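Enquirer: Got a file for you: query-v6.cif, mmCIF, C-alpha atoms.
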data_run
loop_
_atom_site.group_PDB
_atom_site.id
_atom_site.type_symbol
_atom_site.label_atom_id
_atom_site.label_comp_id
_atom_site.auth_asym_id
_atom_site.auth_seq_id
_atom_site.Cartn_x
_atom_site.Cartn_y
_atom_site.Cartn_z
ATOM 1 C CA MET Q 1 0.000 0.000 0.000
ATOM 2 C CA ARG Q 2 1.262 3.449 -0.932
ATOM 3 C CA LYS Q 3 1.920 5.995 1.829
ATOM 4 C CA ARG Q 4 -0.802 8.367 0.632
ATOM 5 C CA GLN Q 5 -3.309 5.517 0.492
ATOM 6 C CA ALA Q 6 -2.326 4.417 4.014
ATOM 7 C CA VAL Q 7 -2.859 7.938 5.393
ATOM 8 C CA ARG Q 8 -6.239 8.209 3.655
ATOM 9 C CA LEU Q 9 -7.269 4.806 5.024
ATOM 10 C CA ILE Q 10 -6.330 5.831 8.573
ATOM 11 C CA ILE Q 11 -8.310 9.086 8.306
ATOM 12 C CA PHE Q 12 -11.310 7.273 6.815
ATOM 13 C CA SER Q 13 -11.160 4.662 9.606
ATOM 14 C CA MET Q 14 -11.114 7.420 12.222
ATOM 15 C CA ALA Q 15 -14.101 9.054 10.518
ATOM 16 C CA PHE Q 16 -15.991 5.738 10.504
ATOM 17 C CA ILE Q 17 -15.235 5.186 14.202
ATOM 18 C CA ALA Q 18 -16.410 8.721 15.043
ATOM 19 C CA PHE Q 19 -19.626 8.147 13.074
ATOM 20 C CA ALA Q 20 -20.229 4.787 14.789
ATOM 21 C CA LEU Q 21 -19.643 6.302 18.229
ATOM 22 C CA GLY Q 22 -22.000 9.148 17.382
ATOM 23 C CA MET Q 23 -24.747 6.762 16.300
ATOM 24 C CA GLY Q 24 -24.200 4.657 19.427
ATOM 25 C CA ALA Q 25 -24.329 7.693 21.690
ATOM 26 C CA LYS Q 26 -27.483 8.871 19.922
ATOM 27 C CA ALA Q 27 -29.189 5.496 20.472
ATOM 28 C CA VAL Q 28 -28.229 5.441 24.153
ATOM 29 C CA SER Q 29 -29.331 9.052 24.678
ATOM 30 C CA ARG Q 30 -32.853 8.089 23.589
ATOM 31 C CA ILE Q 31 -32.990 5.615 26.444
ATOM 32 C CA MET Q 32 -30.993 7.521 29.024
ATOM 33 C CA GLN Q 33 -31.661 11.237 28.891
ATOM 34 C CA PHE Q 34 -28.145 12.447 29.690
ATOM 35 C CA ARG Q 35 -27.145 15.854 28.381
ATOM 36 C CA ILE Q 36 -23.530 14.728 28.124
ATOM 37 C CA LEU Q 37 -24.544 12.040 25.615
ATOM 38 C CA GLU Q 38 -26.177 14.650 23.406
ATOM 39 C CA LYS Q 39 -22.933 16.631 23.439
ATOM 40 C CA CYS Q 40 -21.004 13.469 22.581
ATOM 41 C CA VAL Q 41 -23.289 12.888 19.596
ATOM 42 C CA LEU Q 42 -22.630 16.408 18.270
ATOM 43 C CA LEU Q 43 -18.896 16.071 18.893
ATOM 44 C CA CYS Q 44 -18.655 12.686 17.132
ATOM 45 C CA PHE Q 45 -20.600 13.904 14.107
ATOM 46 C CA ALA Q 46 -18.481 17.066 13.961
ATOM 47 C CA VAL Q 47 -15.293 14.957 13.993
ATOM 48 C CA PHE Q 48 -16.758 12.672 11.316
ATOM 49 C CA GLY Q 49 -17.680 15.612 9.077
ATOM 50 C CA GLY Q 50 -14.317 17.313 9.594
ATOM 51 C CA LEU Q 51 -12.359 14.176 8.663
ATOM 52 C CA ILE Q 52 -14.449 13.514 5.543
ATOM 53 C CA VAL Q 53 -14.081 17.132 4.419
ATOM 54 C CA SER Q 54 -10.310 16.938 4.978
ATOM 55 C CA LEU Q 55 -10.123 13.821 2.775
ATOM 56 C CA VAL Q 56 -12.030 15.534 -0.028
ATOM 57 C CA LEU Q 57 -9.978 18.723 0.250
ATOM 58 C CA GLU Q 58 -6.698 16.765 0.214
ATOM 59 C CA LEU Q 59 -7.807 14.956 -2.934
ATOM 60 C CA PHE Q 60 -8.808 18.192 -4.670
ATOM 61 C CA ILE Q 61 -5.741 20.174 -3.590
ATOM 62 C CA SER Q 62 -3.210 17.433 -4.416
ATOM 63 C CA ASN Q 63 -4.688 17.214 -7.941
ATOM 64 C CA LYS Q 64 -4.972 21.005 -8.442
ATOM 65 C CA ILE Q 65 -8.759 21.226 -8.786
ATOM 66 C CA TRP Q 66 -8.481 25.048 -9.073
ATOM 67 C CA LYS Q 67 -7.103 24.553 -12.593
ATOM 68 C CA GLY Q 68 -10.343 22.957 -13.707
ATOM 69 C CA PHE Q 69 -12.057 19.581 -13.629
ATOM 70 C CA ARG Q 70 -10.278 18.378 -16.780
ATOM 71 C CA TYR Q 71 -6.892 19.144 -15.238
ATOM 72 C CA PHE Q 72 -7.991 17.425 -12.015
ATOM 73 C CA ARG Q 73 -9.032 14.288 -13.936
ATOM 74 C CA TYR Q 74 -5.836 14.159 -16.020
ATOM 75 C CA HIS Q 75 -3.589 14.739 -13.027
ATOM 76 C CA TRP Q 76 -5.328 12.182 -10.797
ATOM 77 C CA HIS Q 77 -5.510 9.478 -13.470
ATOM 78 C CA ILE Q 78 -1.941 9.778 -14.769
ATOM 79 C CA LYS Q 79 -0.305 10.195 -11.355
ATOM 80 C CA ASP Q 80 -2.171 7.194 -9.953
ATOM 81 C CA ARG Q 81 -1.221 5.091 -12.978
ATOM 82 C CA LEU Q 82 2.394 6.212 -12.719
ATOM 83 C CA GLU Q 83 2.609 5.365 -9.009
ATOM 84 C CA ARG Q 84 1.107 1.904 -9.520
ATOM 85 C CA GLN Q 85 3.542 1.082 -12.314
ATOM 86 C CA MET Q 86 6.453 2.444 -10.278
ATOM 87 C CA LEU Q 87 5.461 0.056 -7.498
ATOM 88 C CA ASP Q 88 5.406 -2.845 -9.973
ATOM 89 C CA ALA Q 89 8.854 -1.795 -11.215
ATOM 90 C CA GLY Q 90 10.325 -1.793 -7.708
ATOM 91 C CA PHE Q 91 10.435 1.953 -7.094
ATOM 92 C CA GLY Q 92 9.517 1.956 -3.453
ATOM 93 C CA ILE Q 93 10.869 1.598 0.070
ATOM 94 C CA GLN Q 94 8.977 -0.621 2.520
ATOM 95 C CA ARG Q 95 8.058 1.307 5.670
ATOM 96 C CA SER Q 96 6.276 -0.999 8.139
ATOM 97 C CA PHE Q 97 2.750 -1.337 6.676
ATOM 98 C CA PHE Q 98 3.118 0.952 3.637
ATOM 99 C CA VAL Q 99 5.488 1.544 0.708
ATOM 100 C CA GLU Q 100 7.035 4.979 0.269
ATOM 101 C CA LEU Q 101 7.523 6.125 -3.324
ATOM 102 C CA PRO Q 102 9.808 8.952 -4.474
ATOM 103 C CA LYS Q 103 8.111 12.351 -4.372
ATOM 104 C CA ILE Q 104 6.343 13.037 -7.685
ATOM 105 C CA LYS Q 105 5.353 16.424 -9.112
ATOM 106 C CA LEU Q 106 3.294 16.450 -12.313
ATOM 107 C CA MET Q 107 2.360 19.560 -14.306
ATOM 108 C CA PHE Q 108 0.592 20.204 -17.624
ATOM 109 C CA ASP Q 109 0.206 23.310 -19.760
ATOM 110 C CA LYS Q 110 -3.264 24.782 -20.141
ATOM 111 C CA ASP Q 111 -3.954 23.016 -23.470
ATOM 112 C CA PHE Q 112 -2.512 19.638 -22.383
ATOM 113 C CA PHE Q 113 -0.106 19.709 -25.320
ATOM 114 C CA ALA Q 114 2.903 19.293 -23.035
ATOM 115 C CA GLY Q 115 3.840 18.767 -19.415
ATOM 116 C CA THR Q 116 6.629 18.227 -16.925
ATOM 117 C CA LEU Q 117 7.211 15.326 -14.564
ATOM 118 C CA LYS Q 118 9.612 15.701 -11.635
ATOM 119 C CA ILE Q 119 10.685 12.738 -9.493
ATOM 120 C CA ARG Q 120 12.878 13.107 -6.431
ATOM 121 C CA ASN Q 121 16.177 11.310 -6.794
ATOM 122 C CA ALA Q 122 17.592 8.863 -4.232
ATOM 123 C CA LEU Q 123 20.667 6.663 -3.949
ATOM 124 C CA LYS Q 124 18.544 3.559 -4.428
ATOM 125 C CA PHE Q 125 16.845 4.800 -7.608
ATOM 126 C CA ASP Q 126 19.456 7.007 -9.302
ATOM 127 C CA LYS Q 127 20.479 4.674 -12.139
ATOM 128 C CA LYS Q 128 17.003 3.197 -12.550
ATOM 129 C CA LEU Q 129 15.403 6.630 -12.957
ATOM 130 C CA ASP Q 130 17.898 7.400 -15.702
ATOM 131 C CA ASP Q 131 17.182 4.220 -17.676
ATOM 132 C CA VAL Q 132 13.466 3.611 -17.105
ATOM 133 C CA VAL Q 133 11.048 4.118 -20.028
ATOM 134 C CA MET Q 134 8.648 6.451 -18.240
ATOM 135 C CA SER Q 135 6.326 6.922 -21.254
ATOM 136 C CA ALA Q 136 4.769 3.485 -20.660
ATOM 137 C CA ALA Q 137 2.989 4.837 -17.568
ATOM 138 C CA LEU Q 138 1.872 8.231 -18.895
ATOM 139 C CA GLY Q 139 -1.043 7.395 -21.181
ATOM 140 C CA LYS Q 140 -1.090 9.703 -24.218
ATOM 141 C CA PHE Q 141 1.963 11.588 -22.997
ATOM 142 C CA ILE Q 142 5.474 10.549 -23.958
ATOM 143 C CA VAL Q 143 8.865 11.655 -22.644
ATOM 144 C CA GLU Q 144 10.570 13.975 -25.125
ATOM 145 C CA SER Q 145 13.711 14.463 -23.018
ATOM 146 C CA HIS Q 146 14.893 13.969 -19.452
ATOM 147 C CA TYR Q 147 17.708 15.295 -17.298
ATOM 148 C CA GLN Q 148 18.762 15.865 -13.707
ATOM 149 C CA SER Q 149 18.301 19.160 -11.906
ATOM 150 C CA ASP Q 150 21.456 21.172 -11.221
ATOM 151 C CA ASP Q 151 21.664 19.909 -7.653
ATOM 152 C CA GLY Q 152 20.998 16.301 -8.698
ATOM 153 C CA ASN Q 153 18.003 15.993 -6.361
ATOM 154 C CA MET Q 154 15.342 15.713 -9.067
ATOM 155 C CA TYR Q 155 14.897 13.867 -12.345
ATOM 156 C CA ILE Q 156 12.956 16.054 -14.766
ATOM 157 C CA TYR Q 157 11.022 14.592 -17.705
ATOM 158 C CA GLU Q 158 9.705 16.881 -20.439
ATOM 159 C CA LEU Q 159 6.418 15.481 -21.788
ATOM 160 C CA ILE Q 160 4.451 15.984 -24.996
ATOM 161 C CA ASN Q 161 0.982 14.792 -25.944
ATOM 162 C CA SER Q 162 1.411 12.114 -28.610
ATOM 163 C CA SER Q 163 -2.170 12.588 -29.845
ATOM 164 C CA VAL Q 164 -1.418 16.189 -30.924
ATOM 165 C CA SER Q 165 0.095 16.816 -34.356
ATOM 166 C CA TYR Q 166 2.776 19.503 -34.544
ATOM 167 C CA LYS Q 167 3.198 19.237 -38.302
ATOM 168 C CA MET Q 168 3.055 22.527 -40.187
ATOM 169 C CA THR Q 169 1.506 22.974 -43.637
ATOM 170 C CA PHE Q 170 2.092 25.994 -45.865
ATOM 171 C CA LYS Q 171 -0.156 26.571 -48.863
ATOM 172 C CA TYR Q 172 2.233 29.025 -50.501
ATOM 173 C CA PHE Q 173 6.006 29.308 -50.464
ATOM 174 C CA GLU Q 174 5.787 32.953 -49.403
ATOM 175 C CA ASP Q 175 3.945 31.858 -46.259
ATOM 176 C CA PHE Q 176 6.798 29.485 -45.518
ATOM 177 C CA ARG Q 177 9.403 32.184 -46.143
ATOM 178 C CA ARG Q 178 7.523 34.653 -43.937
ATOM 179 C CA TYR Q 179 7.325 32.175 -41.049
ATOM 180 C CA SER Q 180 11.012 31.280 -41.489
ATOM 181 C CA GLY Q 181 11.837 34.945 -40.984
ATOM 182 C CA THR Q 182 10.400 34.782 -37.453
ATOM 183 C CA ILE Q 183 12.876 32.064 -36.419
ATOM 184 C CA ASN Q 184 16.174 32.915 -34.738
ATOM 185 C CA THR Q 185 19.019 33.517 -37.208
ATOM 186 C CA TYR Q 186 21.004 30.465 -36.135
ATOM 187 C CA LYS Q 187 18.123 28.013 -35.902
ATOM 188 C CA LEU Q 188 16.001 25.931 -38.278
ATOM 189 C CA PHE Q 189 12.448 24.871 -37.420
ATOM 190 C CA LEU Q 190 11.226 21.303 -37.957
ATOM 191 C CA ASP Q 191 7.635 21.647 -36.760
ATOM 192 C CA LYS Q 192 5.506 23.903 -34.544
ATOM 193 C CA ARG Q 193 7.594 23.312 -31.447
ATOM 194 C CA THR Q 194 10.956 21.938 -32.554
ATOM 195 C CA GLU Q 195 13.913 24.069 -33.564
ATOM 196 C CA VAL Q 196 17.518 22.972 -34.065
ATOM 197 C CA LYS Q 197 20.632 25.086 -33.712
ATOM 198 C CA LEU Q 198 23.006 25.713 -36.580
ATOM 199 C CA GLN Q 199 26.429 24.976 -35.129
ATOM 200 C CA HIS Q 200 29.808 25.125 -36.913
ATOM 201 C CA THR Q 201 27.946 26.016 -40.105
ATOM 202 C CA TYR Q 202 27.918 29.117 -42.256
ATOM 203 C CA ARG Q 203 24.394 30.378 -41.782
ATOM 204 C CA GLY Q 204 23.968 31.833 -45.268
ATOM 205 C CA ALA Q 205 24.950 28.645 -47.079
ATOM 206 C CA ALA Q 206 22.943 26.460 -44.737
ATOM 207 C CA TYR Q 207 19.856 28.622 -45.065
ATOM 208 C CA ALA Q 208 20.197 28.694 -48.850
ATOM 209 C CA ASP Q 209 20.384 24.895 -48.944
ATOM 210 C CA TYR Q 210 17.413 24.723 -46.592
ATOM 211 C CA LEU Q 211 15.308 26.982 -48.832
ATOM 212 C CA SER Q 212 16.348 25.128 -51.967
ATOM 213 C CA VAL Q 213 15.223 21.825 -50.512
ATOM 214 C CA CYS Q 214 11.929 23.354 -49.389
ATOM 215 C CA THR Q 215 11.440 24.922 -52.831
ATOM 216 C CA GLU Q 216 11.716 21.471 -54.398
ATOM 217 C CA VAL Q 217 9.136 20.197 -51.954
ATOM 218 C CA PHE Q 218 6.733 23.017 -52.771
#
Starting from the file, give its structure as structure tokens.
Expert:
Amino acid sequence: MRKRQAVRLIIFSMAFIAFALGMGAKAVSRIMQFRILEKCVLLCFAVFGGLIVSLVLELFISNKIWKGFRYFRYHWHIKDRLERQMLDAGFGIQRSFFVELPKIKLMFDKDFFAGTLKIRNALKFDKKLDDVVMSAALGKFIVESHYQSDDGNMYIYELINSSVSYKMTFKYFEDFRRYSGTINTYKLFLDKRTEVKLQHTYRGAAYADYLSVCTEVF
């Protein structure tokens, strides 16, 4: 059982116990008219309600409900799937009655075209996090690139939505030339989001070759 699941189970169990005690106190108070029992009933139900509300709030906050229901659904589904597959792959440390996974932070852009996954590094997982094929657990998202943070404490995976096409189509060559003029002098664009640097190359000759190839295509 994952740590977060264990904590939620404990809180839910406490809420159930509070509810059961409240119902028991309510039944007894009908027979024995003690004011203290009535107060116990109110207290137990208040504890029950508070614990249930805290569970719901934790679920909403941890999945960033303020960014919208779609974001909430994506975040919850993909993070849960990722954690389950990480458990199957041996990414976890047994702590008494639960398994502790590395800290995970998942973010998407507003259109769900791309995202970022951050996983806290550890001595036990360092090499495995570098070699693992993370895309298998991310649904429609695939890992475009990954690297370590400067301090080495986090593995960062840049994600893109594989269901989105980034191909660009130009009806006229002048449209292509006009768009090319918006790209940095020492870069060439491959699609809507991919640009490559021109290194150790004379820009004029390279750009001329690039345009000549594109002219043949058009």
Enquirer: Would you compute the distance between atom CA of Q:Met14 and atom CA of Q:Cys44? Give it in Å to one decimal.
Expert: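 Between these atoms lies a distance of 10.4 Å.
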Enquirer: Hey, what's within 8 Å of stretch 59-63 of chain Q if we count all atoms listed in the file and toss same-chain stuff fewer than 5 positions away? As a VMD selection string, please?
Expert: chain Q and resid 71 to 73 75 to 76
Enquirer: At what distance in Å, to one decimal, does atom CA of Q:Ala122 lie from atom CA of Q:Pro102?
Expert: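 Those two atoms sit 7.8 Å apart.
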Enquirer: I'd like the contact shell of stretch 10-12 of chain Q - 8 Å cut-off, only C-alpha atoms, skipping same-chain residues fewer than 4 positions apart - returned as number ranges by chain.
Expert: Q: 6, 16, 51-52, 55
Enquirer: Which residues fall under the PyMOL selection byres ((chain Q and resi 24) around 12) in this file, as a tab-separated table (two decimals) with C-alpha atoms, keeping the file's coordinate frame?
Expert:
chain	number	residue	atom	x	y	z
Q	17	ILE	CA	-15.24	5.19	14.20
Q	18	ALA	CA	-16.41	8.72	15.04
Q	19	PHE	CA	-19.63	8.15	13.07
Q	20	ALA	CA	-20.23	4.79	14.79
Q	21	LEU	CA	-19.64	6.30	18.23
Q	22	GLY	CA	-22.00	9.15	17.38
Q	23	MET	CA	-24.75	6.76	16.30
Q	25	ALA	CA	-24.33	7.69	21.69
Q	26	LYS	CA	-27.48	8.87	19.92
Q	27	ALA	CA	-29.19	5.50	20.47
Q	28	VAL	CA	-28.23	5.44	24.15
Q	29	SER	CA	-29.33	9.05	24.68
Q	30	ARG	CA	-32.85	8.09	23.59
Q	31	ILE	CA	-32.99	5.62	26.44
Q	37	LEU	CA	-24.54	12.04	25.62
Q	38	GLU	CA	-26.18	14.65	23.41
Q	40	CYS	CA	-21.00	13.47	22.58
Q	41	VAL	CA	-23.29	12.89	19.60
Q	42	LEU	CA	-22.63	16.41	18.27
Q	44	CYS	CA	-18.66	12.69	17.13
Q	45	PHE	CA	-20.60	13.90	14.11
Enquirer: Can you list what the PyMOL selection byres ((chain Q and resi 83-93) around 10) grabs from this structure, as JSON, numbers by chain?
Expert: {"Q": [1, 2, 78, 79, 80, 81, 82, 94, 95, 96, 98, 99, 100, 101, 102, 104, 124, 125, 128, 129, 132, 134, 136, 137, 138]}
Enquirer: Quick one: pull the distance between atom CA of Q:Val133 and atom CA of Q:Met154, Å, one decimal.
Expert: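 Rounded to one decimal, the two atoms are 16.5 Å apart.
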